[in-house]
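To be precise, the following lines are input_35.cif, and they hold mmCIF, C-alpha atoms.
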data_start
loop_
_atom_site.label_atom_id
_atom_site.label_comp_id
_atom_site.auth_asym_id
_atom_site.auth_seq_id
_atom_site.Cartn_x
_atom_site.Cartn_y
_atom_site.Cartn_z
CA MET A 1 26.44 -10.15 -7.79
CA THR A 2 23.41 -10.84 -9.98
CA ASN A 3 23.86 -14.56 -9.32
CA ARG A 4 23.29 -14.18 -5.57
CA SER A 5 20.23 -16.04 -4.34
CA LEU A 6 17.31 -14.15 -2.85
CA SER A 7 14.53 -14.97 -0.41
CA ALA A 8 11.76 -12.78 0.98
CA VAL A 9 10.00 -12.62 4.33
CA VAL A 10 6.60 -10.91 4.48
CA LEU A 11 5.48 -9.85 7.96
CA ALA A 12 1.70 -10.34 8.09
CA ALA A 13 1.04 -11.41 11.68
CA GLY A 14 -0.49 -8.20 13.03
CA GLU A 15 -4.07 -8.13 14.27
CA GLY A 16 -4.94 -4.79 12.69
CA THR A 17 -7.25 -3.66 15.50
CA ARG A 18 -7.78 -0.24 13.89
CA MET A 19 -9.55 -1.94 10.98
CA ARG A 20 -12.34 -2.81 13.45
CA SER A 21 -13.10 -6.04 11.63
CA SER A 22 -13.24 -9.79 12.20
CA ARG A 23 -11.45 -10.21 8.88
CA PRO A 24 -7.66 -10.61 9.22
CA LYS A 25 -5.99 -7.39 8.14
CA PRO A 26 -3.97 -8.95 5.25
CA LEU A 27 -7.22 -10.26 3.70
CA HIS A 28 -9.05 -6.95 3.38
CA LEU A 29 -9.99 -6.47 -0.26
CA LEU A 30 -8.66 -3.86 -2.65
CA CYS A 31 -10.14 -3.90 -6.15
CA GLY A 32 -11.38 -7.42 -5.50
CA ARG A 33 -8.09 -8.92 -4.26
CA ALA A 34 -6.69 -9.50 -0.80
CA MET A 35 -4.24 -6.79 0.27
CA LEU A 36 -1.45 -9.31 0.90
CA LEU A 37 -1.55 -10.47 -2.73
CA TYR A 38 -0.48 -7.01 -3.89
CA VAL A 39 2.52 -7.17 -1.56
CA LEU A 40 3.53 -10.49 -3.12
CA ASP A 41 3.07 -8.92 -6.58
CA SER A 42 5.86 -6.46 -5.73
CA LEU A 43 8.37 -9.33 -5.85
CA VAL A 44 7.73 -10.32 -9.48
CA ASP A 45 10.74 -8.41 -10.88
CA CYS A 46 13.13 -10.15 -8.47
CA SER A 47 14.40 -13.70 -8.82
CA VAL A 48 13.01 -14.78 -5.47
CA GLY A 49 13.56 -18.44 -4.73
CA ARG A 50 11.41 -18.67 -1.62
CA VAL A 51 8.89 -16.42 0.14
CA VAL A 52 8.10 -16.88 3.83
CA VAL A 53 4.86 -15.35 5.08
CA VAL A 54 4.77 -14.78 8.84
CA VAL A 55 1.15 -15.13 9.96
CA GLY A 56 -0.48 -14.57 13.32
CA HIS A 57 -4.00 -13.26 13.78
CA GLY A 58 -6.32 -15.35 11.59
CA ALA A 59 -3.37 -17.52 10.53
CA GLU A 60 -5.49 -20.33 9.08
CA ARG A 61 -7.61 -17.98 6.98
CA VAL A 62 -4.59 -16.10 5.65
CA THR A 63 -2.74 -19.31 4.79
CA LYS A 64 -5.76 -20.87 3.06
CA LYS A 65 -6.45 -17.74 1.03
CA LEU A 66 -2.92 -17.57 -0.34
CA GLN A 67 -2.84 -21.29 -1.06
CA ASP A 68 -6.16 -21.04 -2.91
CA GLU A 69 -4.92 -18.15 -5.02
CA GLU A 70 -1.81 -20.11 -6.05
CA PRO A 71 0.50 -17.15 -6.71
CA ASP A 72 3.49 -17.91 -8.90
CA LEU A 73 5.84 -18.01 -5.92
CA HIS A 74 7.25 -20.69 -3.63
CA LEU A 75 5.40 -19.85 -0.41
CA ASP A 76 6.07 -21.10 3.10
CA PHE A 77 4.09 -20.10 6.17
CA VAL A 78 5.21 -19.78 9.77
CA GLU A 79 3.13 -18.53 12.70
CA GLN A 80 4.17 -15.93 15.24
CA HIS A 81 2.09 -17.12 18.19
CA THR A 82 2.88 -14.16 20.45
CA GLN A 83 3.14 -10.64 19.06
CA ARG A 84 6.48 -9.40 20.40
CA GLY A 85 7.45 -6.94 17.70
CA THR A 86 8.77 -6.93 14.16
CA GLY A 87 12.22 -8.12 15.18
CA ASP A 88 10.72 -11.23 16.75
CA ALA A 89 8.46 -11.72 13.71
CA LEU A 90 11.47 -11.76 11.38
CA SER A 91 13.32 -14.17 13.67
CA VAL A 92 10.30 -16.48 13.41
CA GLY A 93 10.25 -16.05 9.64
CA LEU A 94 13.90 -17.01 9.25
CA THR A 95 13.15 -20.42 10.78
CA ALA A 96 11.35 -21.36 7.57
CA LEU A 97 14.44 -20.71 5.44
CA PRO A 98 17.09 -23.41 4.99
CA ASP A 99 19.41 -23.52 8.00
CA ASP A 100 22.67 -23.62 6.13
CA PRO A 101 22.70 -22.16 2.64
CA GLU A 102 25.80 -23.18 0.71
CA ASP A 103 27.19 -19.68 1.15
CA ASP A 104 25.33 -17.20 3.36
CA ASP A 105 27.36 -14.33 1.89
CA ASP A 106 25.78 -15.08 -1.48
CA HIS A 107 22.25 -15.01 -0.09
CA ASP A 108 20.06 -11.94 0.49
CA VAL A 109 16.70 -11.56 2.23
CA VAL A 110 14.09 -8.93 1.38
CA VAL A 111 11.77 -8.03 4.25
CA LEU A 112 8.35 -6.52 3.56
CA PRO A 113 5.37 -5.58 5.74
CA GLY A 114 2.13 -7.25 4.70
CA ASP A 115 0.13 -4.01 4.58
CA THR A 116 1.84 -2.06 1.77
CA PRO A 117 -0.32 -2.86 -1.29
CA LEU A 118 0.86 0.09 -3.39
CA LEU A 119 4.46 -1.13 -3.69
CA ARG A 120 5.64 -1.36 -7.29
CA PRO A 121 7.84 -4.25 -8.47
CA GLY A 122 10.43 -1.81 -9.82
CA THR A 123 10.92 -0.33 -6.37
CA ILE A 124 11.77 -3.68 -4.77
CA ALA A 125 14.00 -4.64 -7.69
CA GLY A 126 15.79 -1.28 -7.28
CA LEU A 127 16.26 -1.91 -3.56
CA VAL A 128 17.88 -5.30 -4.20
CA ASP A 129 20.10 -3.83 -6.92
CA THR A 130 21.23 -0.95 -4.68
CA HIS A 131 21.96 -3.38 -1.86
CA ARG A 132 24.15 -5.57 -4.03
CA ARG A 133 25.99 -2.75 -5.74
CA ALA A 134 26.81 -1.20 -2.36
CA GLY A 135 28.01 -4.51 -0.93
CA ALA A 136 25.97 -3.61 2.14
CA ALA A 137 24.95 -5.79 5.05
CA CYS A 138 21.60 -3.98 5.10
CA THR A 139 19.86 -1.58 2.75
CA VAL A 140 16.87 0.41 3.95
CA LEU A 141 14.14 1.79 1.71
CA THR A 142 13.48 5.31 2.99
CA ALA A 143 11.06 8.12 2.15
CA ARG A 144 11.02 11.88 2.59
CA LEU A 145 7.80 13.18 4.16
CA THR A 146 6.57 16.70 4.78
CA ASP A 147 4.87 15.39 7.90
CA PRO A 148 6.80 12.40 9.27
CA THR A 149 4.66 12.06 12.40
CA GLY A 150 4.42 8.48 13.58
CA TYR A 151 7.28 7.12 11.48
CA GLY A 152 10.71 5.92 12.56
CA ARG A 153 13.36 8.53 11.70
CA VAL A 154 16.50 7.64 9.74
CA VAL A 155 19.55 8.94 11.61
CA ARG A 156 22.71 9.32 9.53
CA GLY A 157 26.31 9.45 10.76
CA ARG A 158 29.15 11.79 9.86
CA ASP A 159 29.79 9.99 6.59
CA ASP A 160 26.06 10.34 5.71
CA ARG A 161 25.64 6.60 6.03
CA VAL A 162 22.64 5.28 7.89
CA ALA A 163 23.62 4.82 11.54
CA ARG A 164 20.32 3.89 13.12
CA ILE A 165 16.55 4.21 13.01
CA VAL A 166 14.74 5.64 15.99
CA GLU A 167 11.01 5.24 16.59
CA GLN A 168 9.19 8.49 17.27
CA ALA A 169 8.33 7.48 20.83
CA ASP A 170 12.04 7.09 21.58
CA ALA A 171 13.33 10.05 19.53
CA THR A 172 14.97 13.18 20.91
CA PRO A 173 13.52 16.59 19.94
CA ASP A 174 16.22 16.99 17.26
CA GLU A 175 15.54 13.52 15.85
CA VAL A 176 11.81 14.23 15.65
CA GLU A 177 12.61 17.03 13.17
CA ILE A 178 14.20 14.58 10.67
CA ASP A 179 12.02 14.18 7.56
CA GLU A 180 13.64 10.99 6.20
CA VAL A 181 11.67 8.03 7.51
CA ASN A 182 11.89 4.28 7.54
CA THR A 183 9.39 2.42 5.32
CA SER A 184 9.92 -0.93 7.10
CA ILE A 185 11.22 -2.41 3.84
CA TYR A 186 14.76 -3.82 3.83
CA CYS A 187 17.25 -6.03 2.07
CA PHE A 188 19.70 -7.91 4.31
CA ARG A 189 22.73 -10.09 3.79
CA ARG A 190 21.56 -13.38 5.25
CA SER A 191 24.86 -14.21 7.00
CA VAL A 192 24.65 -11.20 9.36
CA LEU A 193 20.90 -10.99 9.86
CA ALA A 194 20.26 -13.80 12.37
CA PRO A 195 23.19 -12.84 14.66
CA ALA A 196 22.02 -9.21 14.64
CA LEU A 197 18.46 -10.22 15.53
CA ARG A 198 19.76 -12.15 18.53
CA ARG A 199 21.25 -8.91 19.91
CA LEU A 200 17.93 -7.06 19.99
CA SER A 201 16.46 -5.95 23.30
CA PRO A 202 12.89 -4.96 24.22
CA GLN A 203 14.17 -2.03 26.30
CA ASN A 204 12.11 0.65 24.54
CA ALA A 205 8.83 2.55 24.85
CA GLN A 206 6.77 -0.35 23.45
CA GLY A 207 8.59 -3.18 25.21
CA GLU A 208 9.02 -4.96 21.86
CA TYR A 209 11.85 -6.29 19.72
CA TYR A 210 12.17 -3.61 17.04
CA LEU A 211 13.45 -4.76 13.67
CA THR A 212 14.65 -1.20 13.19
CA ASP A 213 17.27 -1.75 15.91
CA VAL A 214 19.08 -4.21 13.62
CA VAL A 215 20.33 -1.22 11.63
CA GLU A 216 22.19 0.18 14.64
CA VAL A 217 23.51 -3.25 15.61
CA LEU A 218 25.03 -3.75 12.16
CA HIS A 219 26.38 -0.19 11.94
CA ASP A 220 28.06 -0.42 15.35
CA ALA A 221 29.60 -3.77 14.37
CA GLY A 222 31.29 -2.07 11.40
CA TYR A 223 29.02 -3.29 8.63
CA GLY A 224 27.87 -1.02 5.85
CA VAL A 225 24.24 0.10 5.91
CA ALA A 226 22.95 1.65 2.69
CA ALA A 227 19.72 3.44 1.86
CA LEU A 228 17.53 3.98 -1.18
CA ALA A 229 14.99 6.81 -1.13
CA VAL A 230 11.74 5.85 -2.84
CA ALA A 231 10.65 8.20 -5.62
CA GLU A 232 7.02 8.36 -4.47
CA ALA A 233 6.54 8.14 -0.72
CA ALA A 234 2.84 7.24 -1.07
CA GLU A 235 3.87 3.94 -2.63
CA THR A 236 5.24 2.68 0.71
CA GLN A 237 2.44 3.80 3.00
CA GLY A 238 0.84 1.08 5.06
CA VAL A 239 -2.87 0.41 5.52
CA ASN A 240 -3.88 0.53 9.18
CA ASP A 241 -7.52 1.61 9.10
CA ARG A 242 -10.51 1.97 6.76
CA VAL A 243 -9.53 5.50 5.75
CA GLN A 244 -6.14 4.31 4.51
CA LEU A 245 -7.79 1.28 2.91
CA ALA A 246 -10.07 3.55 0.88
CA ALA A 247 -7.13 5.71 -0.20
CA ALA A 248 -5.18 2.63 -1.35
CA GLU A 249 -8.25 1.35 -3.19
CA ALA A 250 -8.56 4.64 -5.07
CA GLU A 251 -4.93 4.51 -6.19
CA LEU A 252 -5.12 0.86 -7.27
CA ARG A 253 -8.35 1.57 -9.16
CA ARG A 254 -6.62 4.45 -10.93
CA ARG A 255 -3.74 2.16 -11.93
CA THR A 256 -6.18 -0.54 -13.08
CA ASN A 257 -8.18 1.88 -15.23
CA GLU A 258 -5.05 3.38 -16.73
CA ALA A 259 -3.79 -0.07 -17.71
CA TRP A 260 -7.06 -0.91 -19.48
CA LEU A 261 -7.13 2.44 -21.28
CA ARG A 262 -3.67 1.67 -22.66
CA GLN A 263 -4.94 -1.71 -23.85
CA GLY A 264 -7.73 -0.29 -26.00
CA VAL A 265 -10.68 0.05 -23.61
CA THR A 266 -12.69 3.28 -23.71
CA MET A 267 -13.88 4.83 -20.44
CA ILE A 268 -16.00 7.93 -20.75
CA ASP A 269 -15.14 8.95 -17.18
CA PRO A 270 -12.37 6.85 -15.60
CA ALA A 271 -12.79 8.58 -12.24
CA HIS A 272 -16.30 7.13 -11.98
CA THR A 273 -15.59 3.67 -13.37
CA TYR A 274 -14.91 0.84 -10.92
CA ILE A 275 -13.14 -2.28 -12.16
CA ASP A 276 -11.76 -5.08 -9.99
CA ALA A 277 -8.24 -6.26 -10.73
CA THR A 278 -9.71 -9.71 -11.45
CA VAL A 279 -11.92 -8.50 -14.35
CA ARG A 280 -10.92 -9.20 -17.97
CA LEU A 281 -11.79 -6.79 -20.79
CA SER A 282 -11.32 -7.02 -24.56
CA PRO A 283 -10.27 -4.26 -26.97
CA ASP A 284 -12.87 -1.69 -28.04
CA VAL A 285 -15.09 -2.21 -25.00
CA THR A 286 -16.81 1.06 -24.03
CA ILE A 287 -17.65 1.74 -20.40
CA PHE A 288 -19.93 4.60 -19.38
CA PRO A 289 -19.81 6.40 -16.00
CA GLY A 290 -21.06 4.73 -12.84
CA THR A 291 -20.32 1.21 -14.07
CA ILE A 292 -18.99 -1.35 -11.57
CA LEU A 293 -17.36 -4.58 -12.79
CA GLN A 294 -16.42 -7.08 -10.11
CA GLY A 295 -15.13 -10.58 -9.53
CA ARG A 296 -14.37 -12.78 -12.53
CA THR A 297 -16.39 -10.75 -15.01
CA VAL A 298 -15.24 -11.13 -18.64
CA VAL A 299 -16.32 -8.70 -21.36
CA GLY A 300 -16.02 -9.37 -25.10
CA GLU A 301 -14.99 -7.05 -27.93
CA ARG A 302 -17.01 -3.94 -28.70
CA ALA A 303 -19.45 -4.44 -25.81
CA GLU A 304 -20.97 -1.32 -24.25
CA LEU A 305 -21.62 -1.19 -20.51
CA GLY A 306 -23.50 1.43 -18.53
CA PRO A 307 -24.11 4.03 -17.47
CA GLY A 308 -24.89 2.84 -13.98
CA SER A 309 -24.48 -0.91 -14.49
CA ARG A 310 -23.06 -3.43 -12.03
CA LEU A 311 -21.89 -6.89 -13.09
CA VAL A 312 -20.39 -9.47 -10.73
CA ASP A 313 -18.86 -12.71 -12.07
CA CYS A 314 -20.64 -12.27 -15.40
CA VAL A 315 -19.72 -13.12 -19.00
CA VAL A 316 -20.63 -10.49 -21.59
CA GLY A 317 -20.37 -11.48 -25.23
CA PRO A 318 -18.98 -9.35 -28.08
CA ASP A 319 -21.14 -6.44 -29.25
CA ALA A 320 -23.53 -6.79 -26.29
CA VAL A 321 -25.05 -3.69 -24.66
CA VAL A 322 -25.87 -3.51 -20.94
CA ASP A 323 -27.70 -0.31 -19.99
CA GLN A 324 -28.36 0.64 -16.33
CA SER A 325 -28.69 -2.98 -15.27
CA ALA A 326 -27.31 -5.40 -12.68
CA GLY A 327 -26.22 -9.01 -12.94
CA ARG A 328 -24.49 -11.64 -10.84
CA ASP A 329 -23.06 -14.92 -12.15
CA ALA A 330 -24.98 -14.45 -15.40
CA GLU A 331 -24.21 -14.77 -19.11
CA ILE A 332 -25.10 -12.24 -21.78
CA GLY A 333 -24.80 -13.54 -25.33
CA PRO A 334 -23.09 -11.83 -28.27
CA GLY A 335 -25.04 -8.86 -29.59
CA ALA A 336 -27.66 -9.03 -26.82
CA ARG A 337 -29.20 -5.82 -25.49
CA VAL A 338 -30.05 -5.74 -21.80
CA GLY A 339 -31.93 -3.02 -19.93
CA PRO A 340 -32.41 -0.40 -18.88
CA PHE A 341 -33.24 -1.50 -15.33
CA ALA A 342 -32.76 -5.25 -15.83
CA VAL A 343 -31.72 -7.58 -13.02
CA LEU A 344 -29.96 -10.83 -13.95
CA ALA A 345 -30.07 -13.41 -11.16
CA PRO A 346 -27.36 -16.04 -10.64
CA GLY A 347 -27.42 -18.59 -13.44
CA ALA A 348 -29.37 -16.37 -15.83
CA SER A 349 -28.57 -16.45 -19.54
CA VAL A 350 -29.57 -13.88 -22.15
CA PRO A 351 -29.46 -15.42 -25.65
CA ALA A 352 -27.32 -14.01 -28.42
CA GLY A 353 -29.02 -11.15 -30.19
CA ALA A 354 -31.87 -10.86 -27.68
CA VAL A 355 -33.34 -7.40 -27.23
CA SER A 356 -34.90 -6.71 -23.83
CA GLY A 357 -36.31 -3.73 -22.01
CA PRO A 358 -36.83 -3.66 -18.25
CA PHE A 359 -37.14 -7.25 -17.00
CA TYR A 360 -36.06 -9.70 -14.35
CA THR A 361 -34.18 -12.81 -15.46
CA ALA A 362 -33.91 -15.82 -13.15
CA ALA A 363 -32.05 -19.08 -13.64
CA GLU A 364 -35.22 -21.11 -13.02
CA PRO A 365 -38.41 -18.97 -13.11
CA ASP A 366 -40.84 -20.07 -10.45
CA ASP A 367 -43.95 -19.22 -12.54
CA GLY A 368 -43.13 -21.49 -15.45
CA ASN A 369 -42.95 -18.63 -17.93
CA ASP A 370 -40.01 -17.53 -20.04
CA ALA A 371 -37.08 -16.19 -18.03
CA SER A 372 -37.45 -12.77 -19.65
CA ARG A 373 -40.50 -10.64 -18.96
CA GLY A 374 -40.92 -7.31 -20.71
#
Kindly transcribe the structure held in the file into structure tokens.
Amino acid sequence: MTNRSLSAVVLAAGEGTRMRSSRPKPLHLLCGRAMLLYVLDSLVDCSVGRVVVVVGHGAERVTKKLQDEEPDLHLDFVEQHTQRGTGDALSVGLTALPDDPEDDDDHDVVVLPGDTPLLRPGTIAGLVDTHRRAGAACTVLTARLTDPTGYGRVVRGRDDRVARIVEQADATPDEVEIDEVNTSIYCFRRSVLAPALRRLSPQNAQGEYYLTDVVEVLHDAGYGVAALAVAEAAETQGVNDRVQLAAAEAELRRRTNEAWLRQGVTMIDPAHTYIDATVRLSPDVTIFPGTILQGRTVVGERAELGPGSRLVDCVVGPDAVVDQSAGRDAEIGPGARVGPFAVLAPGASVPAGAVSGPFYTAAEPDDGNDASRG
């Protein structure tokens, strides 16, 4: 079964009104990267041949952003012009996949929401593996929650197999008490997916085509529906407002800092160190509390940064020291000492070995004097 081909459809068409922003929801930044890029990262441990991104609100901006980032995936984009539910969104997404694979029974499709940036690659790889080992038509990634309010409940049959998923608005009082919930992450056998989607009906509380209803359609048709419970439920939580965005940012920052610590970077207080996922650090860099590194900042070996420094798109040479200073699109030479209280303007360059106290550095000083003023 490991030779079966695999595609993915990412549902990223929602407007995200609760974000209260003109920015399309999938493009909100987490540690310096668009949220949707983290979702695509979760596919890296799977041999995905093609990824279809279903766009809607802000479609042109979302498409351009992903094309500019050039992720190491074969991406196709298709627009859901009218928001009629997740079932309709997946139907739209399938139109971008080849019409007639050589053998649909040897082709699987992973379906992901575009607002789950904390997903780990191992989780998606485990879902695909479980799906194939079970020989299932559909495998659902589920989670157990102490408070499942707002989530679709996973209803199991007499054989403990998944029978259907019911949205909370449509659930009976007994079903509301179920603590196993749907994460909106699935793996489907391609050959049964499109026919099942055609049987969906918008006869529900929201008047939409629920993708969750595909589970019941397949179960009632006699197909096997499997489930994999995620080890950490927080990993699958979506981002729907600024509060959830901040919580996801905190977790991704923790993961980022932990990764750098394991690669030989010293952080005096990781909880108060803020590093974008796009930053590059060298071994033996020391970072003091309150330091913020953003954008394409690159820091050389043995440099010391902080406390209370902020660098955006800067290059810091080996053995340099930056103390309580700020810089944007600037270069600090090897062994240079900057600050405290320095401000490096875009285009500024501090020579190797320079020692400076409080000063302002500009790319082209307007008074004709040296760029550094003590």
Pairwise distance for atom CA of Val128 of chain A and atom CA of Cys187 of chain A, rounded to one decimal in Å: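 Calculated distance between atom CA of Val128 of chain A and atom CA of Cys187 of chain A is 6.3 Å.
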Contacts of segment 189-206 of chain A within 8 Å, all atoms listed in the file, excl. fewer than 6 positions in-chain, as a list in words: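 Near segment 189-206 of chain A, the qualifying residues are Gly87, Asp88, Ser91, Leu94, Asp104, Asp105, Asp106, His107, Asp108, Val109, Ala136, Ala137, Cys138, Ala169, Asp170, Asp213, Val214, Val217 and Leu218 of chain A.
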Selection as a list in words: residues within 7 Å of (-29.7, -6.1, -27.1), counting only C-alpha atoms: Ala320, Val321, Gly335, Ala336, Arg337, Val338, Gly353, Ala354, Val355 and Ser356 of chain A
Taking C-alpha atoms for each residue, export the selection above as a CSV table (one decimal), keeping the file's coordinate frame.
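To be explicit, this is the file written out as out_7.csv:
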chain,number,residue,atom,x,y,z
A,320,ALA,CA,-23.5,-6.8,-26.3
A,321,VAL,CA,-25.0,-3.7,-24.7
A,335,GLY,CA,-25.0,-8.9,-29.6
A,336,ALA,CA,-27.7,-9.0,-26.8
A,337,ARG,CA,-29.2,-5.8,-25.5
A,338,VAL,CA,-30.0,-5.7,-21.8
A,353,GLY,CA,-29.0,-11.2,-30.2
A,354,ALA,CA,-31.9,-10.9,-27.7
A,355,VAL,CA,-33.3,-7.4,-27.2
A,356,SER,CA,-34.9,-6.7,-23.8
Output of the PyMOL selection byres ((chain A and resi 176) around 12), listed as a PyMOL selection string: chain A and resi 147-155+165-175+177-181
Picked residues, the PyMOL selection byres ((chain A and resi 340) around 7), as a list in words: Asp323, Gln324, Ser325, Val338, Gly339, Phe341, Ala342, Gly357 and Pro358 of chain A
Expected selection from the PyMOL selection byres ((chain A and resi 82-85) around 8), given as a compact mmCIF listing (two decimals) with C-alpha atoms, keeping the file's coordinate frame:
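Written output follows (result-v6.txt):
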# COMPACT_ATOMS: atom_id res chain seq x y z
CA ALA A 13 1.04 -11.41 11.68
CA GLY A 14 -0.49 -8.20 13.03
CA GLY A 56 -0.48 -14.57 13.32
CA GLN A 80 4.17 -15.93 15.24
CA HIS A 81 2.09 -17.12 18.19
CA THR A 86 8.77 -6.93 14.16
CA GLY A 87 12.22 -8.12 15.18
CA ASP A 88 10.72 -11.23 16.75
CA ALA A 89 8.46 -11.72 13.71
CA GLU A 208 9.02 -4.96 21.86
CA TYR A 209 11.85 -6.29 19.72
CA TYR A 210 12.17 -3.61 17.04
CA LEU A 211 13.45 -4.76 13.67
Protein, DNA and RNA residues within 9 Å of (-24.6, 2.9, -17.0), all atoms listed in the file, as a list in words: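 Residues with an atom close enough to that point: Ile287, Phe288, Pro289, Gly290, Thr291, Ile292, Leu305, Gly306, Pro307, Gly308, Ser309, Arg310, Val322, Asp323, Gln324, Ser325 and Pro340 of chain A.
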Among the residues A:His131, A:His219, A:Lys25, A:His57, the one that comes closest to Arg164 of chain A [using all atoms listed in the file]: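 Nearest candidate to Arg164 of chain A out of A:His131, A:His219, A:Lys25, A:His57: A:His219.
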Atom CA of Leu30 of chain A to atom CA of Ala234 of chain A, distance in Å rounded to a single decimal: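 So the two atoms, atom CA of Leu30 of chain A and atom CA of Ala234 of chain A, lie 16.1 Å apart.
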Gap from atom CA of Leu6 of chain A to atom CA of Thr63 of chain A - Å, one decimal: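 Separating atom CA of Leu6 of chain A from atom CA of Thr63 of chain A is a distance of 22.1 Å.
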Polymer residues at most 9 Å from Gln263 of chain A, all atoms listed in the file, same-chain spacing of 4 or more positions, as number ranges by chain: A: 258-259, 282-284
Closest of A:Asn240, A:Ala227, A:Thr17, A:Gly32 to Asp313 of chain A - atom-to-atom distances counting all atoms listed in the file: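 Of A:Asn240, A:Ala227, A:Thr17, A:Gly32, the one nearest Asp313 of chain A, counting all atoms listed in the file, is A:Gly32.
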Because the input lacks atoms here, generate N, CA and C atoms for segment 157-176 of chain A and report them as a tab-separated table (two decimals), keeping the file's coordinate frame.
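Generated file (out03.tsv):
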chain	number	residue	atom	x	y	z
A	157	GLY	N	25.07	9.11	10.09
A	157	GLY	CA	26.31	9.45	10.76
A	157	GLY	C	27.08	10.52	10.02
A	158	ARG	N	28.33	10.73	10.45
A	158	ARG	CA	29.15	11.79	9.86
A	158	ARG	C	29.44	11.55	8.39
A	159	ASP	N	29.51	10.29	7.99
A	159	ASP	CA	29.79	9.99	6.59
A	159	ASP	C	28.51	9.92	5.77
A	160	ASP	N	27.39	10.34	6.33
A	160	ASP	CA	26.06	10.34	5.71
A	160	ASP	C	25.52	8.93	5.50
A	161	ARG	N	26.19	7.95	6.08
A	161	ARG	CA	25.64	6.60	6.03
A	161	ARG	C	24.59	6.44	7.13
A	162	VAL	N	23.68	5.53	6.90
A	162	VAL	CA	22.64	5.28	7.89
A	162	VAL	C	23.27	4.67	9.14
A	163	ALA	N	23.05	5.30	10.28
A	163	ALA	CA	23.62	4.82	11.54
A	163	ALA	C	22.59	4.07	12.38
A	164	ARG	N	21.36	4.56	12.35
A	164	ARG	CA	20.32	3.89	13.12
A	164	ARG	C	18.95	4.43	12.73
A	165	ILE	N	17.93	3.76	13.19
A	165	ILE	CA	16.55	4.21	13.01
A	165	ILE	C	15.94	4.31	14.39
A	166	VAL	N	15.32	5.43	14.67
A	166	VAL	CA	14.74	5.64	15.99
A	166	VAL	C	13.23	5.84	15.84
A	167	GLU	N	12.46	5.07	16.60
A	167	GLU	CA	11.01	5.24	16.59
A	167	GLU	C	10.64	6.58	17.23
A	168	GLN	N	9.54	7.15	16.80
A	168	GLN	CA	9.19	8.49	17.27
A	168	GLN	C	9.06	8.54	18.79
A	169	ALA	N	8.52	7.48	19.38
A	169	ALA	CA	8.33	7.48	20.83
A	169	ALA	C	9.65	7.52	21.59
A	170	ASP	N	10.73	7.12	20.93
A	170	ASP	CA	12.04	7.09	21.58
A	170	ASP	C	12.97	8.19	21.06
A	171	ALA	N	12.48	9.05	20.18
A	171	ALA	CA	13.33	10.05	19.53
A	171	ALA	C	13.54	11.28	20.41
A	172	THR	N	14.70	11.90	20.25
A	172	THR	CA	14.97	13.18	20.91
A	172	THR	C	14.27	14.29	20.13
A	173	PRO	N	14.15	15.48	20.69
A	173	PRO	CA	13.52	16.59	19.94
A	173	PRO	C	14.20	16.85	18.60
A	174	ASP	N	15.52	16.76	18.53
A	174	ASP	CA	16.22	16.99	17.26
A	174	ASP	C	15.90	15.88	16.27
A	175	GLU	N	15.82	14.65	16.74
A	175	GLU	CA	15.54	13.52	15.85
A	175	GLU	C	14.11	13.58	15.32
A	176	VAL	N	13.20	14.10	16.11
A	176	VAL	CA	11.81	14.23	15.65
A	176	VAL	C	11.71	15.14	14.43
